[in-house]
$ cat query_3.tsv   # TSV, C-alpha atoms
chain	number	residue	atom	x	y	z
A	1	MET	CA	-32.49	-3.81	43.14
A	2	GLY	CA	-29.29	-2.19	41.90
A	3	PHE	CA	-28.27	-1.11	45.39
A	4	ILE	CA	-27.72	-4.75	46.43
A	5	LYS	CA	-25.23	-5.14	43.56
A	6	GLU	CA	-23.55	-1.90	44.68
A	7	LEU	CA	-23.00	-3.50	48.10
A	8	TYR	CA	-20.24	-5.77	46.88
A	9	LEU	CA	-19.00	-3.50	44.09
A	10	ASN	CA	-18.67	-0.50	46.36
A	11	ARG	CA	-17.40	-1.66	49.72
A	12	HIS	CA	-17.29	1.38	51.96
A	13	PRO	CA	-19.30	2.50	55.00
A	14	GLY	CA	-21.33	5.05	53.02
A	15	GLN	CA	-22.66	2.36	50.69
A	16	TYR	CA	-23.62	0.08	53.58
A	17	ALA	CA	-25.29	3.02	55.31
A	18	PHE	CA	-27.23	3.90	52.14
A	19	SER	CA	-28.54	0.33	51.73
A	20	MET	CA	-29.52	0.03	55.38
A	21	HIS	CA	-31.24	3.43	55.23
A	22	ARG	CA	-33.27	2.41	52.18
A	23	VAL	CA	-34.27	-1.03	53.46
A	24	THR	CA	-35.23	0.20	56.95
A	25	GLY	CA	-37.06	3.18	55.41
A	26	VAL	CA	-39.30	1.01	53.25
A	27	VAL	CA	-39.86	-1.51	56.07
A	28	LEU	CA	-40.75	1.27	58.54
A	29	THR	CA	-43.22	2.91	56.14
A	30	ILE	CA	-45.01	-0.42	55.65
A	31	TYR	CA	-44.97	-0.87	59.45
A	32	LEU	CA	-46.37	2.66	59.92
A	33	LEU	CA	-49.33	2.01	57.62
A	34	LEU	CA	-50.09	-1.32	59.37
A	35	HIS	CA	-49.64	0.32	62.80
A	36	ILE	CA	-52.14	3.09	61.95
A	37	THR	CA	-54.63	0.61	60.45
A	38	LEU	CA	-54.45	-1.72	63.45
A	39	HIS	CA	-54.84	0.95	66.15
A	40	SER	CA	-57.63	2.85	64.37
A	41	THR	CA	-59.77	-0.15	63.38
A	42	ALA	CA	-59.30	-1.90	66.76
A	43	LEU	CA	-60.80	1.14	68.49
A	44	LEU	CA	-64.03	0.75	66.50
A	45	PHE	CA	-64.74	-2.40	68.50
A	46	GLY	CA	-64.20	-0.84	71.92
A	47	PRO	CA	-61.62	-1.04	74.74
A	48	GLU	CA	-61.98	-4.80	75.39
A	49	VAL	CA	-61.17	-5.77	71.81
A	50	TYR	CA	-58.31	-3.25	71.78
A	51	ASP	CA	-56.78	-4.71	74.95
A	52	ARG	CA	-57.26	-8.29	73.72
A	53	LEU	CA	-55.47	-7.41	70.49
A	54	LEU	CA	-52.54	-5.83	72.37
A	55	SER	CA	-52.25	-8.88	74.64
A	56	LYS	CA	-51.63	-11.06	71.57
A	57	LEU	CA	-48.17	-9.46	71.38
A	58	GLU	CA	-47.33	-10.47	74.97
A	59	ASN	CA	-45.19	-13.48	74.00
A	60	PRO	CA	-41.52	-14.05	73.02
A	61	PHE	CA	-42.29	-13.78	69.30
A	62	GLY	CA	-44.19	-10.52	69.77
A	63	ARG	CA	-41.34	-9.08	71.83
A	64	LEU	CA	-38.84	-10.07	69.16
A	65	LEU	CA	-40.95	-8.31	66.50
A	66	GLU	CA	-41.12	-5.23	68.75
A	67	LEU	CA	-37.33	-5.25	69.17
A	68	LEU	CA	-36.79	-5.65	65.41
A	69	THR	CA	-39.04	-2.65	64.76
A	70	ILE	CA	-37.07	-0.59	67.29
A	71	LEU	CA	-33.83	-1.79	65.64
A	72	ALA	CA	-35.07	-0.52	62.26
A	73	VAL	CA	-36.04	2.84	63.82
A	74	VAL	CA	-32.68	3.25	65.58
A	75	ILE	CA	-30.65	2.36	62.45
A	76	HIS	CA	-32.71	4.77	60.32
A	77	MET	CA	-32.66	7.49	62.97
A	78	SER	CA	-28.94	7.45	63.82
A	79	ASN	CA	-28.00	7.23	60.16
A	80	GLY	CA	-30.40	10.12	59.53
A	81	VAL	CA	-28.47	12.19	62.08
A	82	ARG	CA	-25.30	11.32	60.16
A	83	LEU	CA	-26.90	12.51	56.90
A	84	ILE	CA	-28.05	15.78	58.48
A	85	LEU	CA	-24.57	16.42	59.91
A	86	ILE	CA	-22.99	15.78	56.49
A	87	ASP	CA	-25.56	17.91	54.61
A	88	PHE	CA	-26.03	20.85	56.96
A	89	LEU	CA	-22.81	21.01	59.01
A	90	ASP	CA	-20.49	20.10	56.13
A	91	MET	CA	-19.01	17.08	57.91
A	92	ALA	CA	-18.41	14.89	54.84
A	93	ARG	CA	-14.71	14.62	55.78
A	94	GLU	CA	-15.72	12.97	59.04
A	95	HIS	CA	-17.86	10.33	57.31
A	96	ARG	CA	-15.86	7.37	58.57
A	97	ARG	CA	-16.02	8.48	62.20
A	98	LEU	CA	-19.73	9.28	61.77
A	99	ALA	CA	-20.45	5.79	60.39
A	100	PHE	CA	-18.67	4.34	63.43
A	101	GLY	CA	-20.81	6.57	65.65
A	102	VAL	CA	-24.00	5.31	63.97
A	103	LEU	CA	-22.97	1.70	64.62
A	104	SER	CA	-22.01	2.37	68.25
A	105	PHE	CA	-25.20	4.28	69.03
A	106	THR	CA	-27.35	1.56	67.42
A	107	LEU	CA	-25.67	-1.17	69.49
A	108	LEU	CA	-25.89	0.85	72.72
A	109	PHE	CA	-29.55	1.76	72.28
A	110	MET	CA	-30.49	-1.80	71.28
A	111	GLY	CA	-28.78	-3.07	74.43
A	112	TYR	CA	-30.98	-0.73	76.46
A	113	ALA	CA	-34.13	-1.67	74.48
A	114	ALA	CA	-33.45	-5.40	74.85
A	115	TRP	CA	-32.95	-4.95	78.60
A	116	ARG	CA	-36.27	-3.03	78.91
A	117	ILE	CA	-38.33	-5.37	76.72
A	118	LEU	CA	-36.91	-8.81	77.48
A	119	ILE	CA	-36.25	-8.49	81.21
B	120	MET	CA	-36.18	20.78	46.18
B	121	LEU	CA	-39.04	21.70	48.49
B	122	SER	CA	-39.78	18.02	49.18
B	123	TRP	CA	-36.07	17.45	49.97
B	124	PHE	CA	-36.22	20.34	52.45
B	125	PHE	CA	-39.42	19.06	54.13
B	126	GLN	CA	-37.89	15.57	54.29
B	127	ARG	CA	-35.09	17.10	56.43
B	128	VAL	CA	-37.46	19.23	58.54
B	129	THR	CA	-39.67	16.21	59.36
B	130	ALA	CA	-36.51	14.15	59.97
B	131	ILE	CA	-35.32	16.58	62.64
B	132	PHE	CA	-38.72	16.52	64.36
B	133	LEU	CA	-38.91	12.72	64.06
B	134	ILE	CA	-35.51	12.24	65.78
B	135	LEU	CA	-37.06	13.83	68.86
B	136	GLY	CA	-40.61	12.56	68.36
B	137	MET	CA	-39.77	8.91	67.69
B	138	ALA	CA	-37.37	8.85	70.64
B	139	VAL	CA	-40.19	10.08	72.91
B	140	HIS	CA	-42.75	7.71	71.28
B	141	ILE	CA	-40.48	4.68	71.83
B	142	LEU	CA	-39.34	5.61	75.34
B	143	VAL	CA	-42.89	6.44	76.53
B	144	LEU	CA	-44.76	3.48	74.98
B	145	PRO	CA	-42.86	0.19	74.40
B	146	LEU	CA	-39.90	0.93	76.70
B	147	ALA	CA	-41.86	2.48	79.58
B	148	GLY	CA	-41.94	-0.82	81.46
B	149	GLU	CA	-45.73	-0.77	81.78
B	150	ARG	CA	-48.05	-3.08	79.87
B	151	LEU	CA	-49.66	-1.13	77.06
B	152	SER	CA	-53.44	-0.94	77.45
B	153	TYR	CA	-56.45	1.12	76.45
B	154	SER	CA	-56.61	2.86	79.83
B	155	LEU	CA	-52.89	3.72	79.76
B	156	VAL	CA	-53.17	5.32	76.30
B	157	SER	CA	-56.45	7.12	77.01
B	158	GLU	CA	-55.00	8.54	80.24
B	159	ARG	CA	-52.04	9.92	78.29
B	160	LEU	CA	-54.31	11.27	75.53
B	161	SER	CA	-56.45	13.21	78.01
B	162	HIS	CA	-53.72	15.88	77.93
B	163	THR	CA	-53.94	18.36	75.03
B	164	GLY	CA	-50.14	18.44	74.75
B	165	TRP	CA	-49.95	14.73	74.02
B	166	ILE	CA	-52.77	14.96	71.45
B	167	LEU	CA	-50.89	17.75	69.63
B	168	PHE	CA	-47.64	15.76	69.89
B	169	ASP	CA	-49.27	12.63	68.45
B	170	LEU	CA	-50.95	14.56	65.61
B	171	LEU	CA	-47.65	16.21	64.71
B	172	LEU	CA	-45.89	12.83	64.89
B	173	LEU	CA	-48.57	11.27	62.66
B	174	ALA	CA	-48.24	14.02	60.04
B	175	SER	CA	-44.42	13.98	60.04
B	176	CYS	CA	-44.24	10.18	59.93
B	177	LEU	CA	-46.68	9.88	57.04
B	178	TYR	CA	-45.00	12.66	55.08
B	179	HIS	CA	-41.48	11.37	55.72
B	180	GLY	CA	-42.33	7.72	55.00
B	181	LEU	CA	-44.42	8.24	51.89
B	182	ASN	CA	-42.14	10.93	50.46
B	183	GLY	CA	-39.31	8.46	51.05
B	184	ILE	CA	-41.16	5.70	49.18
B	185	TRP	CA	-41.87	8.16	46.38
B	186	GLY	CA	-38.14	8.95	46.23
B	187	VAL	CA	-37.24	5.26	46.07
B	188	ILE	CA	-39.70	4.71	43.19
B	189	PHE	CA	-38.34	7.84	41.49
B	190	ASP	CA	-34.83	6.28	41.58
B	191	TYR	CA	-35.98	3.51	39.25
B	192	ASN	CA	-37.14	5.93	36.51
B	193	PRO	CA	-40.84	5.02	36.36
B	194	LYS	CA	-42.83	6.05	33.30
B	195	SER	CA	-46.05	7.15	35.03
B	196	LEU	CA	-44.60	9.57	37.56
B	197	LYS	CA	-47.83	11.58	37.83
B	198	ALA	CA	-50.00	8.53	38.54
B	199	ILE	CA	-47.57	7.37	41.24
B	200	GLY	CA	-47.62	10.84	42.78
B	201	TYR	CA	-51.43	10.86	42.94
B	202	THR	CA	-51.46	7.31	44.36
B	203	VAL	CA	-49.00	8.19	47.14
B	204	PHE	CA	-50.97	11.38	47.90
B	205	THR	CA	-54.26	9.43	48.13
B	206	ILE	CA	-52.64	6.86	50.45
B	207	SER	CA	-51.39	9.68	52.68
B	208	LEU	CA	-54.91	11.20	52.85
B	209	ILE	CA	-56.54	7.85	53.75
B	210	PHE	CA	-54.00	7.09	56.47
B	211	SER	CA	-54.17	10.64	57.87
B	212	ILE	CA	-57.91	10.12	58.41
B	213	LEU	CA	-57.32	6.68	59.97
B	214	GLY	CA	-54.57	8.07	62.20
B	215	ILE	CA	-56.66	11.03	63.38
B	216	ALA	CA	-59.50	8.57	64.10
B	217	ALA	CA	-57.10	6.47	66.20
B	218	ILE	CA	-55.85	9.48	68.20
B	219	GLY	CA	-59.39	10.83	68.70
B	220	GLY	CA	-60.86	7.39	69.40
B	221	PHE	CA	-59.54	7.07	72.97
B	222	ARG	CA	-62.10	8.21	75.54

$ encode --input "query_3.tsv" --output "structure tokens"
Amino acid sequence: MGFIKELYLNRHPGQYAFSMHRVTGVVLTIYLLLHITLHSTALLFGPEVYDRLLSKLENPFGRLLELLTILAVVIHMSNGVRLILIDFLDMAREHRRLAFGVLSFTLLFMGYAAWRILI
Amino acid sequence: MLSWFFQRVTAIFLILGMAVHILVLPLAGERLSYSLVSERLSHTGWILFDLLLLASCLYHGLNGIWGVIFDYNPKSLKAIGYTVFTISLIFSILGIAAIGGFR
């Protein structure tokens, strides 16, 4: 886990972004495999079982998990846009402003997601 | 180099695809249910969208995991490659079964 050590040796936005990208990436891939397994196997048992399974997430803990998943997606996605801009549009000089943009977009979108899911 | 390029191509599709997936399903304000999903999947466009999303997600995620493992200089690179490829095949079949399973 060398990248955790890098976090305090190398304190700049790019390093934080790299660590967040890696952690959310691994978490999201594990989520994806579970997500596919759950939805495909639940269907084998018919619509009633499928609906009953989905209703198990209709509680505060389930909503929190849903929000955390969306948080991971938004962090990974907005940082991915930053990486594409740096790689393809040669915007490495703007990296500080881009990192600030990633943070702002993540906070804004999570505000919207929390409003939609919790209220 | 080719896998780096495809990682970017799937990324660009996923920016759009995941935004739609999240806005249409958990953030739509309707309770998710079998009938809601099967109504949506009665349109060919949505089936194609979901299949494309499944393929891009699996490729992007598993290629990413492969890249993370690669960073730690593993000895049995070939075995890890075959393992990741087998996992992607199994979950492609499961995913296609899930998309085709709504009637």

$ interface_residues --input "query_3.tsv" --of "chain A" --to "chain B" --cutoff "8 Å" --atoms "all atoms listed in the file" --output "list in words"
Arg22, Gly25, Val26, Leu28, Thr29, Leu32, Leu33, Ile36, Thr37, His39, Ser40, Thr41, Leu43, Leu44, Pro47, Tyr50, Asp51, Leu54, Ile70, Met77, Gly80, Val81, Ile84, Ala113, Arg116 and Ile117 of chain A

$ residues_around --input "query_3.tsv" --residues "Val74 of chain A" --least-positions-apart "4" --cutoff "9 Å" --atoms "all atoms listed in the file" --output "list of chain:residue names"
A:Thr69, A:Ile70, A:Ser78, A:Asn79, A:Phe105, A:Thr106, A:Phe109, A:Met110, B:Ala138

$ closest_residue --input "query_3.tsv" --among "A:Tyr16, A:Ala114, A:Arg96, A:Leu38" --to "Leu64 of chain A" --atoms "all atoms listed in the file"
A:Ala114

$ atom_distance --input "query_3.tsv" --atom1 "atom CA of Val139 of chain B" --atom2 "atom CA of Leu171 of chain B"
12.7 Å

$ atom_distance --input "query_3.tsv" --atom1 "atom CA of Leu7 of chain A" --atom2 "atom CA of Ala99 of chain A"
15.6 Å

$ closest_residue --input "query_3.tsv" --among "A:Leu118, A:Ala92, A:Phe100, A:Ala42" --to "Phe61 of chain A" --atoms "all atoms listed in the file"
A:Leu118

$ atom_distance --input "query_3.tsv" --atom1 "atom CA of Phe18 of chain A" --atom2 "atom CA of Pro193 of chain B"
20.9 Å

$ closest_residue --input "query_3.tsv" --among "A:Ala72, A:Ala17, A:Leu65, A:Val49" --to "His95 of chain A" --atoms "all atoms listed in the file"
A:Ala17

$ residues_around --input "query_3.tsv" --residues "Ser19 of chain A" --least-positions-apart "4" --cutoff "8 Å" --atoms "all atoms listed in the file" --output "list in words"
Phe3, Ile4, Leu7, Gln15 and Val23 of chain A

$ closest_residue --input "query_3.tsv" --among "A:Tyr31, A:Leu83, A:Arg11, A:Val102" --to "Glu66 of chain A" --atoms "all atoms listed in the file"
A:Tyr31
